[in-house]
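Asker: File start18.csv below, CSV, C-alpha atoms and all ligand atoms:
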chain,number,residue,atom,x,y,z
A,1,MET,CA,16.2,-117.2,-6.8
A,2,PRO,CA,14.3,-114.2,-5.2
A,3,GLN,CA,14.3,-114.2,-1.5
A,4,ALA,CA,11.8,-113.0,1.1
A,5,LEU,CA,12.1,-112.1,4.8
A,6,ILE,CA,8.6,-111.9,6.4
A,7,PHE,CA,7.9,-110.4,9.8
A,8,GLY,CA,4.8,-112.0,11.1
A,9,ILE,CA,5.2,-115.2,9.0
A,10,THR,CA,3.2,-117.3,11.5
A,11,GLY,CA,0.2,-115.0,11.2
A,12,TYR,CA,-2.9,-115.3,8.9
A,13,ALA,CA,-1.6,-113.1,6.1
A,14,GLY,CA,2.1,-113.8,6.6
A,15,SER,CA,1.7,-117.5,6.3
A,16,ALA,CA,-0.4,-117.2,3.2
A,17,LEU,CA,2.3,-114.9,1.7
A,18,ALA,CA,5.0,-117.5,2.6
A,19,ARG,CA,3.0,-120.3,0.8
A,20,HIS,CA,2.4,-118.1,-2.2
A,21,LEU,CA,6.1,-117.2,-2.5
A,22,VAL,CA,7.3,-120.8,-2.0
A,23,GLY,CA,4.9,-121.8,-4.8
A,24,ARG,CA,6.6,-119.3,-7.0
A,25,GLY,CA,10.1,-120.7,-6.3
A,26,TRP,CA,11.2,-118.0,-3.8
A,27,SER,CA,13.5,-118.7,-0.9
A,28,VAL,CA,11.5,-117.7,2.2
A,29,ARG,CA,12.5,-116.9,5.8
A,30,GLY,CA,10.6,-115.2,8.5
A,31,ILE,CA,10.0,-114.1,12.1
A,32,GLY,CA,7.1,-115.2,14.3
A,33,ARG,CA,6.4,-116.1,17.9
A,34,SER,CA,4.3,-119.3,17.7
A,35,GLU,CA,6.4,-122.4,17.7
A,36,SER,CA,3.6,-124.6,16.4
A,37,ALA,CA,2.8,-122.4,13.4
A,38,ALA,CA,6.6,-122.2,12.7
A,39,ASP,CA,6.7,-126.1,12.6
A,40,ASP,CA,4.0,-126.1,10.0
A,41,LEU,CA,5.8,-123.6,7.8
A,42,GLU,CA,9.1,-125.4,8.2
A,43,THR,CA,7.6,-128.5,6.5
A,44,LEU,CA,7.3,-126.2,3.4
A,45,GLY,CA,11.0,-125.5,3.5
A,46,VAL,CA,10.5,-122.1,5.1
A,47,GLU,CA,13.0,-121.0,7.8
A,48,VAL,CA,11.3,-119.5,10.8
A,49,GLU,CA,13.1,-117.7,13.6
A,50,ILE,CA,11.2,-117.0,16.9
A,51,ALA,CA,11.9,-113.4,17.8
A,52,ASP,CA,10.1,-110.4,19.3
A,53,VAL,CA,10.1,-107.3,17.1
A,54,GLY,CA,9.9,-105.2,20.3
A,55,GLU,CA,13.5,-106.4,21.3
A,56,PRO,CA,16.0,-104.8,18.9
A,57,GLU,CA,18.8,-107.3,19.8
A,58,GLU,CA,16.7,-110.2,18.7
A,59,LEU,CA,16.6,-108.7,15.2
A,60,GLU,CA,20.3,-108.1,14.7
A,61,GLY,CA,21.9,-109.6,11.6
A,62,LEU,CA,18.6,-110.6,10.1
A,63,GLY,CA,18.8,-108.9,6.7
A,64,ARG,CA,20.6,-110.2,3.6
A,65,PRO,CA,21.5,-108.3,0.4
A,66,ASP,CA,18.5,-108.3,-2.1
A,67,ASP,CA,16.0,-109.5,0.5
A,68,HIS,CA,12.4,-108.4,-0.2
A,69,VAL,CA,11.1,-107.7,3.3
A,70,PHE,CA,7.4,-107.8,4.3
A,71,TYR,CA,6.3,-106.4,7.7
A,72,LEU,CA,3.0,-108.1,8.7
A,73,VAL,CA,3.1,-107.7,12.5
A,74,GLY,CA,0.3,-105.9,14.0
A,75,SER,CA,-3.3,-106.2,14.9
A,76,ILE,CA,-6.6,-104.4,14.4
A,77,SER,CA,-7.5,-105.0,18.1
A,78,GLY,CA,-5.5,-105.2,21.2
A,79,HIS,CA,-4.2,-103.1,24.0
A,80,PRO,CA,-2.8,-99.7,22.9
A,81,ASP,CA,0.6,-100.4,24.4
A,82,TRP,CA,0.8,-103.5,22.3
A,83,THR,CA,-0.4,-101.7,19.2
A,84,LYS,CA,2.4,-99.2,19.6
A,85,ARG,CA,5.0,-101.9,20.4
A,86,VAL,CA,4.3,-103.9,17.3
A,87,GLY,CA,3.0,-101.2,15.0
A,88,LEU,CA,5.7,-98.5,15.6
A,89,ASP,CA,8.6,-99.8,17.9
A,90,GLY,CA,8.8,-103.0,15.9
A,91,VAL,CA,9.0,-101.1,12.6
A,92,VAL,CA,11.7,-98.8,14.0
A,93,ASN,CA,13.7,-101.9,15.2
A,94,ALA,CA,13.3,-103.8,12.0
A,95,ALA,CA,14.4,-100.8,9.9
A,96,ALA,CA,17.5,-100.3,12.2
A,97,ALA,CA,18.4,-104.0,11.9
A,98,LEU,CA,18.1,-103.9,8.1
A,99,ALA,CA,19.5,-100.4,7.4
A,100,ASP,CA,22.9,-101.6,6.1
A,101,ALA,CA,21.9,-105.0,4.7
A,102,GLY,CA,21.3,-103.9,1.1
A,103,ILE,CA,17.7,-105.1,1.0
A,104,ALA,CA,15.7,-104.8,-2.2
A,105,SER,CA,12.4,-103.6,-0.7
A,106,PHE,CA,10.6,-103.2,2.6
A,107,VAL,CA,6.8,-103.5,2.3
A,108,LEU,CA,4.9,-102.2,5.4
A,109,VAL,CA,1.4,-103.6,5.6
A,110,GLN,CA,-1.2,-101.5,7.5
A,111,THR,CA,-4.9,-101.0,7.7
A,112,MET,CA,-7.3,-98.2,6.6
A,113,ALA,CA,-7.1,-96.6,10.1
A,114,ALA,CA,-5.0,-93.8,8.6
A,115,TYR,CA,-8.3,-92.6,6.9
A,116,GLY,CA,-10.1,-92.3,10.2
A,117,ARG,CA,-13.9,-92.2,9.6
A,118,GLY,CA,-13.3,-92.7,5.9
A,119,SER,CA,-15.3,-90.8,3.3
A,120,ASP,CA,-18.5,-90.8,1.2
A,121,GLU,CA,-16.2,-90.3,-1.8
A,122,THR,CA,-14.1,-93.1,-3.2
A,123,ILE,CA,-10.8,-93.4,-1.3
A,124,THR,CA,-7.6,-93.5,-3.3
A,125,GLU,CA,-3.9,-93.3,-2.5
A,126,ALA,CA,-4.3,-89.5,-2.9
A,127,THR,CA,-7.0,-89.1,-0.3
A,128,PRO,CA,-5.7,-87.1,2.7
A,129,THR,CA,-5.2,-89.1,5.9
A,130,GLN,CA,-7.1,-88.1,9.0
A,131,PRO,CA,-6.8,-90.8,11.7
A,132,ASN,CA,-9.3,-90.9,14.5
A,133,SER,CA,-7.8,-93.7,16.5
A,134,GLN,CA,-4.5,-94.6,18.2
A,135,LEU,CA,-4.0,-97.4,15.5
A,136,GLY,CA,-4.3,-94.8,12.8
A,137,ARG,CA,-1.8,-92.4,14.5
A,138,VAL,CA,0.7,-95.2,15.2
A,139,SER,CA,0.6,-96.4,11.6
A,140,LEU,CA,1.3,-92.9,10.3
A,141,LEU,CA,4.2,-92.5,12.7
A,142,ALA,CA,5.7,-95.8,11.5
A,143,GLU,CA,5.3,-94.6,7.9
A,144,GLU,CA,6.9,-91.3,8.7
A,145,HIS,CA,9.9,-93.0,10.3
A,146,LEU,CA,10.4,-95.1,7.2
A,147,ARG,CA,10.0,-92.0,4.9
A,148,ASP,CA,12.8,-90.4,6.9
A,149,ALA,CA,15.0,-93.5,6.4
A,150,LEU,CA,14.2,-93.4,2.7
A,151,GLY,CA,15.1,-89.7,2.5
A,152,ALA,CA,18.3,-90.1,4.5
A,153,GLY,CA,19.7,-93.3,3.2
A,154,GLY,CA,17.5,-94.7,0.5
A,155,PHE,CA,15.7,-97.3,2.7
A,156,PRO,CA,13.4,-98.9,0.1
A,157,ALA,CA,10.1,-98.6,1.9
A,158,ARG,CA,6.7,-99.0,0.3
A,159,PHE,CA,3.3,-98.7,2.1
A,160,VAL,CA,0.3,-101.0,1.7
A,161,ARG,CA,-3.0,-100.1,3.2
A,162,ALA,CA,-5.1,-103.3,3.1
A,163,GLY,CA,-8.8,-103.6,3.3
A,164,THR,CA,-10.4,-106.3,5.5
A,165,ILE,CA,-8.4,-109.5,4.9
A,166,TYR,CA,-10.7,-112.5,4.6
A,167,GLY,CA,-10.6,-116.1,3.4
A,168,PRO,CA,-10.4,-119.6,4.6
A,169,GLY,CA,-9.3,-120.2,8.1
A,170,ARG,CA,-10.7,-117.0,9.7
A,171,ARG,CA,-13.5,-119.0,11.3
A,172,THR,CA,-16.1,-116.2,10.4
A,173,VAL,CA,-18.8,-118.7,9.7
A,174,ASP,CA,-18.2,-120.3,13.1
A,175,ALA,CA,-18.5,-116.9,14.7
A,176,LEU,CA,-21.8,-116.3,12.9
A,177,ARG,CA,-23.1,-119.7,13.8
A,178,ASN,CA,-22.2,-119.2,17.5
A,179,LYS,CA,-23.6,-115.6,17.4
A,180,ARG,CA,-20.2,-114.2,18.5
A,181,LEU,CA,-20.1,-111.7,15.6
A,182,ARG,CA,-22.3,-108.6,15.6
A,183,MET,CA,-22.4,-105.5,13.4
A,184,LEU,CA,-22.2,-102.0,14.9
A,185,GLY,CA,-24.9,-99.5,14.2
A,186,GLY,CA,-26.6,-101.5,11.5
A,187,GLY,CA,-23.6,-102.1,9.3
A,188,GLU,CA,-24.6,-99.6,6.6
A,189,ASN,CA,-21.0,-98.3,6.2
A,190,LEU,CA,-18.8,-99.6,3.3
A,191,SER,CA,-15.9,-101.8,3.8
A,192,SER,CA,-13.2,-102.7,1.2
A,193,ARG,CA,-12.0,-106.2,1.4
A,194,ILE,CA,-9.2,-108.3,0.0
A,195,HIS,CA,-9.0,-112.1,-0.2
A,196,VAL,CA,-5.9,-113.4,1.6
A,197,ASP,CA,-4.5,-115.1,-1.6
A,198,ASP,CA,-5.0,-111.9,-3.6
A,199,LEU,CA,-3.2,-109.9,-0.9
A,200,ALA,CA,-0.2,-112.2,-1.3
A,201,THR,CA,-0.3,-111.4,-5.1
A,202,VAL,CA,-0.5,-107.6,-4.4
A,203,LEU,CA,2.4,-107.7,-1.8
A,204,THR,CA,4.6,-109.6,-4.2
A,205,ALA,CA,3.9,-107.0,-7.0
A,206,VAL,CA,4.6,-104.1,-4.6
A,207,ALA,CA,7.9,-105.7,-3.7
A,208,GLU,CA,8.9,-106.5,-7.3
A,209,ARG,CA,7.5,-103.6,-9.2
A,210,GLY,CA,6.4,-101.0,-6.7
A,211,ARG,CA,8.1,-97.7,-6.1
A,212,SER,CA,9.8,-96.7,-2.8
A,213,GLY,CA,7.9,-94.0,-0.9
A,214,GLU,CA,4.5,-94.9,-2.6
A,215,VAL,CA,1.3,-95.9,-0.9
A,216,TYR,CA,-0.7,-98.8,-2.5
A,217,LEU,CA,-4.3,-99.7,-1.5
A,218,ALA,CA,-4.8,-103.5,-1.4
A,219,VAL,CA,-8.5,-103.9,-2.0
A,220,ASP,CA,-10.8,-105.8,-4.4
A,221,ASP,CA,-13.0,-104.2,-7.1
A,222,GLN,CA,-16.2,-103.8,-5.1
A,223,PRO,CA,-16.7,-102.2,-1.7
A,224,VAL,CA,-19.6,-103.7,0.1
A,225,SER,CA,-21.5,-102.6,3.2
A,226,MET,CA,-20.8,-104.7,6.4
A,227,ALA,CA,-24.5,-105.7,6.4
A,228,ASP,CA,-24.5,-106.9,2.8
A,229,TYR,CA,-21.3,-108.8,3.2
A,230,PHE,CA,-22.4,-110.7,6.4
A,231,ASP,CA,-25.9,-111.3,5.1
A,232,HIS,CA,-24.5,-112.8,1.9
A,233,LEU,CA,-22.0,-115.0,3.8
A,234,ALA,CA,-24.7,-116.1,6.3
A,235,ASP,CA,-27.0,-117.0,3.4
A,236,ARG,CA,-24.4,-119.0,1.5
A,237,ALA,CA,-23.2,-120.8,4.7
A,238,HIS,CA,-26.8,-121.4,5.9
A,239,VAL,CA,-26.1,-119.8,9.3
A,240,PRO,CA,-28.0,-116.9,11.0
A,241,ALA,CA,-27.2,-113.4,9.9
A,242,PRO,CA,-25.5,-111.3,12.6
A,243,GLY,CA,-27.5,-109.0,14.8
A,244,SER,CA,-26.5,-105.4,15.3
A,245,THR,CA,-25.4,-103.5,18.4
A,246,PRO,CA,-26.2,-99.7,18.5
A,247,LYS,CA,-23.1,-97.6,18.4
A,248,TRP,CA,-23.9,-95.9,21.7
A,249,LEU,CA,-24.1,-99.2,23.4
A,250,ALA,CA,-20.8,-100.4,21.8
A,251,ARG,CA,-19.1,-97.2,23.0
A,252,ALA,CA,-20.3,-97.8,26.5
A,253,MET,CA,-19.1,-101.4,26.3
A,254,ILE,CA,-15.6,-100.2,25.2
A,255,GLY,CA,-15.4,-98.2,28.4
A,256,GLY,CA,-16.3,-101.3,30.5
A,257,PHE,CA,-14.0,-103.6,28.6
A,258,GLY,CA,-11.2,-101.0,28.8
A,259,LEU,CA,-11.5,-101.2,32.5
A,260,THR,CA,-11.5,-105.0,32.5
A,261,SER,CA,-8.5,-105.0,30.1
A,262,LYS,CA,-6.6,-102.7,32.5
A,263,LEU,CA,-7.3,-104.9,35.5
A,264,THR,CA,-6.4,-108.2,33.7
A,265,LYS,CA,-3.6,-106.7,31.6
A,266,GLY,CA,-5.2,-108.5,28.7
A,267,HIS,CA,-6.8,-107.5,25.5
A,268,ALA,CA,-10.3,-105.9,25.3
A,269,PRO,CA,-12.7,-107.8,23.0
A,270,LEU,CA,-13.8,-104.4,21.5
A,271,GLY,CA,-11.5,-101.5,21.9
A,272,HIS,CA,-11.4,-98.0,20.4
A,273,ASN,CA,-9.1,-99.0,17.5
A,274,LEU,CA,-11.4,-101.8,16.4
A,275,TYR,CA,-14.5,-99.7,16.9
A,276,ALA,CA,-13.1,-96.9,14.7
A,277,LEU,CA,-12.1,-99.4,12.0
A,278,VAL,CA,-15.3,-101.3,11.8
A,279,THR,CA,-17.5,-98.2,11.8
A,280,GLY,CA,-15.4,-96.3,9.2
A,281,ASN,CA,-16.7,-95.8,5.7
A,282,TYR,CA,-14.0,-97.2,3.4
A,283,GLY,CA,-15.0,-97.5,-0.2
A,284,CYS,CA,-11.6,-97.7,-1.8
A,285,SER,CA,-10.3,-97.9,-5.4
A,286,ASN,CA,-7.8,-100.5,-6.6
A,287,ALA,CA,-7.0,-98.6,-9.8
A,288,LYS,CA,-3.4,-98.0,-8.9
A,289,ILE,CA,-2.4,-101.6,-8.1
A,290,ARG,CA,-4.2,-102.6,-11.4
A,291,SER,CA,-2.7,-99.9,-13.7
A,292,GLU,CA,0.7,-99.4,-12.1
A,293,LEU,CA,1.5,-102.9,-10.9
A,294,GLY,CA,-0.6,-105.0,-13.4
A,295,VAL,CA,-2.2,-106.9,-10.6
A,296,GLU,CA,-5.0,-109.4,-11.6
A,297,LEU,CA,-7.2,-110.6,-8.8
A,298,VAL,CA,-8.5,-114.2,-8.5
A,299,TYR,CA,-11.4,-113.0,-6.3
A,300,PRO,CA,-12.4,-109.6,-7.7
A,301,THR,CA,-15.4,-109.3,-5.4
A,302,TYR,CA,-16.6,-110.7,-2.2
A,303,VAL,CA,-19.1,-112.9,-4.1
A,304,GLU,CA,-16.3,-115.0,-5.6
A,305,GLY,CA,-14.3,-114.8,-2.4
A,306,VAL,CA,-17.1,-116.2,-0.2
A,307,GLU,CA,-17.5,-119.2,-2.6
A,308,SER,CA,-13.8,-120.0,-2.2
A,309,LEU,CA,-14.1,-119.8,1.5
A,310,LEU,CA,-17.0,-122.2,1.6
A,311,ALA,CA,-15.5,-124.5,-1.0
A,312,ASP,CA,-12.2,-124.8,0.8
A,313,GLU,CA,-13.5,-125.4,4.3
A,314,GLY,CA,-17.2,-126.2,4.0
A,315,ASP,CA,-19.2,-124.6,6.8
A,316,ASP,CA,-16.3,-124.9,9.2
A,317,ASP,CA,-14.2,-122.0,7.8
B,401,LIG,N1,-7.0,-108.6,9.8
B,401,LIG,C1,-7.3,-107.7,8.9
B,401,LIG,O1,-8.4,-107.7,8.3
B,401,LIG,C2,-6.3,-106.7,8.5
B,401,LIG,C3,-6.7,-105.7,7.5
B,401,LIG,C4,-5.7,-104.8,7.1
B,401,LIG,C5,-4.4,-104.8,7.6
B,401,LIG,N2,-4.1,-105.8,8.5
B,401,LIG,C6,-2.7,-105.8,9.1
B,401,LIG,O2,-2.0,-106.8,8.4
B,401,LIG,C7,-1.1,-107.4,9.2
B,401,LIG,C8,-1.3,-108.9,9.3
B,401,LIG,O3,-2.6,-109.2,9.7
B,401,LIG,P1,-3.0,-110.7,10.2
B,401,LIG,O4,-4.5,-110.7,10.2
B,401,LIG,O5,-2.3,-111.7,9.4
B,401,LIG,O6,-2.5,-110.7,11.7
B,401,LIG,P2,-2.1,-112.0,12.6
B,401,LIG,O7,-2.7,-113.2,12.1
B,401,LIG,O8,-2.5,-111.6,14.0
B,401,LIG,O9,-0.6,-112.1,12.5
B,401,LIG,C9,0.3,-111.3,13.2
B,401,LIG,C10,1.7,-111.8,13.1
B,401,LIG,O10,2.6,-111.0,13.9
B,401,LIG,C11,3.3,-111.8,14.8
B,401,LIG,N3,3.7,-111.1,16.0
B,401,LIG,C12,2.8,-110.5,16.9
B,401,LIG,N4,3.5,-109.8,17.8
B,401,LIG,C13,4.8,-110.0,17.6
B,401,LIG,C14,6.0,-109.7,18.2
B,401,LIG,N5,6.1,-108.9,19.3
B,401,LIG,N6,7.2,-110.0,17.6
B,401,LIG,C15,7.2,-110.8,16.5
B,401,LIG,N7,6.1,-111.2,15.8
B,401,LIG,C16,4.9,-110.8,16.4
B,401,LIG,C17,2.4,-113.0,15.1
B,401,LIG,O11,3.1,-114.1,15.6
B,401,LIG,P3,2.4,-115.3,16.3
B,401,LIG,O12,1.1,-115.6,15.5
B,401,LIG,O13,3.4,-116.4,16.1
B,401,LIG,O14,2.1,-114.9,17.7
B,401,LIG,C18,1.9,-113.2,13.7
B,401,LIG,O15,2.9,-113.9,12.9
B,401,LIG,C19,-1.2,-106.7,10.6
B,401,LIG,O16,-0.3,-105.7,10.7
B,401,LIG,C20,-2.6,-106.2,10.5
B,401,LIG,O17,-2.8,-105.0,11.3
B,401,LIG,C21,-5.0,-106.7,9.0
Please re-express this file's structure in structure tokens.
Ligand SMILES: NC(=O)c1ccc[n+]([C@@H]2O[C@H](COP(=O)([O-])OP(=O)(O)OC[C@H]3O[C@@H](n4cnc5c(N)ncnc54)[C@H](OP(=O)(O)O)[C@@H]3O)[C@@H](O)[C@H]2O)c1

Answerer:
Amino acid sequence: MPQALIFGITGYAGSALARHLVGRGWSVRGIGRSESAADDLETLGVEVEIADVGEPEELEGLGRPDDHVFYLVGSISGHPDWTKRVGLDGVVNAAAALADAGIASFVLVQTMAAYGRGSDETITEATPTQPNSQLGRVSLLAEEHLRDALGAGGFPARFVRAGTIYGPGRRTVDALRNKRLRMLGGGENLSSRIHVDDLATVLTAVAERGRSGEVYLAVDDQPVSMADYFDHLADRAHVPAPGSTPKWLARAMIGGFGLTSKLTKGHAPLGHNLYALVTGNYGCSNAKIRSELGVELVYPTYVEGVESLLADEGDDD
């Protein structure tokens, strides 16, 4: 029976991956922080350990021979110290804990932040990286660390850059209904998206059939502008379309929230990392996951994906 070890198993994508793998007969274990989410997963037969990836001693002895390891700890928002702690220090600690375990694969899941402002051309795995945010720089440092471990000792690292992960349970419709979600600068920029269930399929394929050292873009077939995506979702869910905040105002707000965040030691609602990601132009190709890994998507575009989201959870997604 194939076996998985998922860092971030209690999170949105990590828990979906756990359910996907259990459904395919895998033995699944994972690391998370939230006890209540862990309880839910344990009813599926998944073993969850509460540990902090920032504390190396809490990860000792985790790996087993032939484990497929998935690293889904991180966030597109949050304080820069936290971004580094989970996005770089945690990766370094996980790799150290697993170095001699004889694992089968290590799949690092990251964002499009490595591509910075993005491009007017279609982005592929061959597109040069040019980060314009701390999140992008941290993600490339983590990748570099694992590439060094691959070169030195054959650590089987693969790199997934995922588009915006969406699906049931994100409460996006709620955010639209309550006017908590706004676009920045009109939302004309392209985003590439991936339904959370399709992401689980892609990650499984990367673990089973991917090549160490390779980058794979996990996106669907059809990039869509932020404005078109949210207008379509609002229309289908019968809620108001989001308004738009000018970029200059958003940048001014980041300065204010940054100060608030420092004072409270909390997370700013809109920081530089999130601003860079949601204003980037990421029209990405999924040709490599289709041709090399044979991935078939259940939700090839946001149009099918939005229907699944409404059908699963009604207007209360
Ligand atoms: N959201 C997107 O659209 C998107 C797009 C591309 C890539 N990504 C990346 O994909 C990954 C998964 O995203 P997601 O949306 O599923 O994130 P999420 O729901 O916030 O899940 C993050 C997971 O990491 C765990 N975690 C956080 N800090 C930890 C720590 N110090 N030690 C151990 N575990 C810790 C969380 O545990 P608890 O929940 O128990 O606290 C949770 O299981 C992230 O790396 C994210 O950057 C996200």

Asker: Per residue of chain A within 6 Å of ligand LIG 401 (chain B), note the shortest atom pair and the distance in Å to one decimal, counting only C-alpha atoms and all ligand atoms, and order the rows by chain and increasing residue number, as a Markdown table.

Answerer:
| residue | atom | partner | partner_atom | distance |
| --- | --- | --- | --- | --- |
| A:Gly8 | CA | B:LIG401 | O15 | 3.2 |
| A:Ile9 | CA | B:LIG401 | O15 | 4.7 |
| A:Thr10 | CA | B:LIG401 | O15 | 3.7 |
| A:Gly11 | CA | B:LIG401 | O9 | 3.3 |
| A:Tyr12 | CA | B:LIG401 | O5 | 3.7 |
| A:Ala13 | CA | B:LIG401 | O5 | 3.7 |
| A:Gly14 | CA | B:LIG401 | O5 | 5.6 |
| A:Gly32 | CA | B:LIG401 | O13 | 4.3 |
| A:Arg33 | CA | B:LIG401 | O13 | 3.5 |
| A:Ser34 | CA | B:LIG401 | O13 | 3.4 |
| A:Ala51 | CA | B:LIG401 | C15 | 5.5 |
| A:Asp52 | CA | B:LIG401 | N6 | 3.4 |
| A:Val53 | CA | B:LIG401 | N6 | 4.0 |
| A:Gly54 | CA | B:LIG401 | N5 | 5.4 |
| A:Leu72 | CA | B:LIG401 | C7 | 4.2 |
| A:Val73 | CA | B:LIG401 | O10 | 3.6 |
| A:Gly74 | CA | B:LIG401 | O16 | 3.4 |
| A:Ser75 | CA | B:LIG401 | O17 | 3.8 |
| A:Ile76 | CA | B:LIG401 | O17 | 4.9 |
| A:Val86 | CA | B:LIG401 | N5 | 5.7 |
| A:Val109 | CA | B:LIG401 | O2 | 5.4 |
| A:Gln110 | CA | B:LIG401 | C5 | 4.6 |
| A:Thr111 | CA | B:LIG401 | C5 | 3.8 |
| A:Ala162 | CA | B:LIG401 | C4 | 4.3 |
| A:Gly163 | CA | B:LIG401 | C4 | 5.0 |
| A:Thr164 | CA | B:LIG401 | O1 | 3.7 |
| A:Ile165 | CA | B:LIG401 | O1 | 3.8 |

Asker: Since we have the selection now, will you write its residues out, keeping C-alpha atoms, as a PDB file, keeping the file's coordinate frame?

Answerer:
ATOM      1  CA  GLY A   8       4.800-112.000  11.100  1.00  0.00           C
ATOM      2  CA  ILE A   9       5.200-115.200   9.000  1.00  0.00           C
ATOM      3  CA  THR A  10       3.200-117.300  11.500  1.00  0.00           C
ATOM      4  CA  GLY A  11       0.200-115.000  11.200  1.00  0.00           C
ATOM      5  CA  TYR A  12      -2.900-115.300   8.900  1.00  0.00           C
ATOM      6  CA  ALA A  13      -1.600-113.100   6.100  1.00  0.00           C
ATOM      7  CA  GLY A  14       2.100-113.800   6.600  1.00  0.00           C
ATOM      8  CA  GLY A  32       7.100-115.200  14.300  1.00  0.00           C
ATOM      9  CA  ARG A  33       6.400-116.100  17.900  1.00  0.00           C
ATOM     10  CA  SER A  34       4.300-119.300  17.700  1.00  0.00           C
ATOM     11  CA  ALA A  51      11.900-113.400  17.800  1.00  0.00           C
ATOM     12  CA  ASP A  52      10.100-110.400  19.300  1.00  0.00           C
ATOM     13  CA  VAL A  53      10.100-107.300  17.100  1.00  0.00           C
ATOM     14  CA  GLY A  54       9.900-105.200  20.300  1.00  0.00           C
ATOM     15  CA  LEU A  72       3.000-108.100   8.700  1.00  0.00           C
ATOM     16  CA  VAL A  73       3.100-107.700  12.500  1.00  0.00           C
ATOM     17  CA  GLY A  74       0.300-105.900  14.000  1.00  0.00           C
ATOM     18  CA  SER A  75      -3.300-106.200  14.900  1.00  0.00           C
ATOM     19  CA  ILE A  76      -6.600-104.400  14.400  1.00  0.00           C
ATOM     20  CA  VAL A  86       4.300-103.900  17.300  1.00  0.00           C
ATOM     21  CA  VAL A 109       1.400-103.600   5.600  1.00  0.00           C
ATOM     22  CA  GLN A 110      -1.200-101.500   7.500  1.00  0.00           C
ATOM     23  CA  THR A 111      -4.900-101.000   7.700  1.00  0.00           C
ATOM     24  CA  ALA A 162      -5.100-103.300   3.100  1.00  0.00           C
ATOM     25  CA  GLY A 163      -8.800-103.600   3.300  1.00  0.00           C
ATOM     26  CA  THR A 164     -10.400-106.300   5.500  1.00  0.00           C
ATOM     27  CA  ILE A 165      -8.400-109.500   4.900  1.00  0.00           C
TER      28      ILE A 165
END

Asker: With distances taken over all atoms listed in the file, which residue among A:Glu296, A:Glu188, A:Asp197, A:Glu57 lies nearest A:Pro168?

Answerer: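 Smallest separation from A:Pro168 among the options: A:Asp197.
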
Asker: Using all atoms listed in the file, determine which residues lie at most 12 Å from stretch 18-28 of chain A, disregarding the query and same-chain residues fewer than 6 positions distant; provide the list as number ranges by chain.

Answerer: A: 1-12, 38, 40-49, 64, 66-70, 72, 196-205, 207

Asker: Which residue is closest to A:Pro242? Choose from A:Glu125, A:Asp89, A:Glu144, A:Asp174 and count all atoms listed in the file.

Answerer: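 Among the listed residues, the smallest separation from A:Pro242 belongs to A:Asp174.
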
Asker: Got a sec: who's within 6 Å of A:Phe159, counting only C-alpha atoms, leaving out chain neighbours fewer than 2 positions off, as a PyMOL selection string?

Answerer: chain A and resi 107-108+215

Asker: Between A:Leu98, A:Arg29, A:Ala250, A:Ala142, single out the one closest to A:Arg85, counting all atoms listed in the file.

Answerer: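 Among the listed residues, the smallest separation from A:Arg85 belongs to A:Ala142.
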
Asker: By how many Å are atom CA of A:Ser139 and atom CA of A:Lys84 apart?

Answerer: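 Going from atom CA of A:Ser139 over to atom CA of A:Lys84 covers 8.7 Å.
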
Asker: List the neighbours of A:Glu121 out to 10 Å using all atoms listed in the file; skip same-chain residues closer than 3 positions along the sequence, and give me the result as number ranges by chain.

Answerer: A: 118, 124, 127, 281-284

Asker: Please identify all polymer residues within 12 Å of A:Ser291, counting only C-alpha atoms, omitting same-chain residues fewer than 5 positions from it, and present them as a list in words.

Answerer: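 Here the qualifying residues turn out to be Ala205, Arg209, Gly210, Tyr216, Ser285, Asn286 and Glu296 of chain A.
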
Asker: For atom CA of A:Arg177 and atom CA of A:Ser15, determine how far apart the two atoms are, in Å to one decimal place.

Answerer: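 Separating atom CA of A:Arg177 from atom CA of A:Ser15 is a distance of 26.0 Å.
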
Asker: Within 12 Å of (-25.8, -106.1, 12.7), in the coordinates the file gives, what residues turn up when you count all atoms listed in the file, written out as an NGL selection string?

Answerer: :A and (176 or 179-189 or 225-231 or 234 or 240-247 or 250 or 278-279)

Asker: Could you check how far atom CA of A:Gly213 sits from atom CA of A:Ala157, in Å to one decimal?

Answerer: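 Distance reported for this atom pair: 5.8 Å.
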
Asker: Which residue out of A:Val295, A:Ala152, A:Tyr166, A:Val306 has the minimum interatomic distance to A:Ala16 when only C-alpha atoms are used?

Answerer: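 Among the listed residues, the smallest separation from A:Ala16 belongs to A:Tyr166.
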
Asker: If you count only C-alpha atoms, which residues fall within 12 Å of A:Asp148, apart from same-chain ones fewer than 5 positions away, as a compact mmCIF listing (two decimals) with C-alpha atoms, keeping the file's coordinate frame?

Answerer:
# COMPACT_ATOMS: atom_id res chain seq x y z
CA VAL A 92 11.70 -98.80 14.00
CA ALA A 95 14.40 -100.80 9.90
CA LEU A 141 4.20 -92.50 12.70
CA ALA A 142 5.70 -95.80 11.50
CA GLU A 143 5.30 -94.60 7.90
CA GLY A 153 19.70 -93.30 3.20
CA GLY A 154 17.50 -94.70 0.50
CA PHE A 155 15.70 -97.30 2.70
CA PRO A 156 13.40 -98.90 0.10
CA ALA A 157 10.10 -98.60 1.90
CA SER A 212 9.80 -96.70 -2.80
CA GLY A 213 7.90 -94.00 -0.90
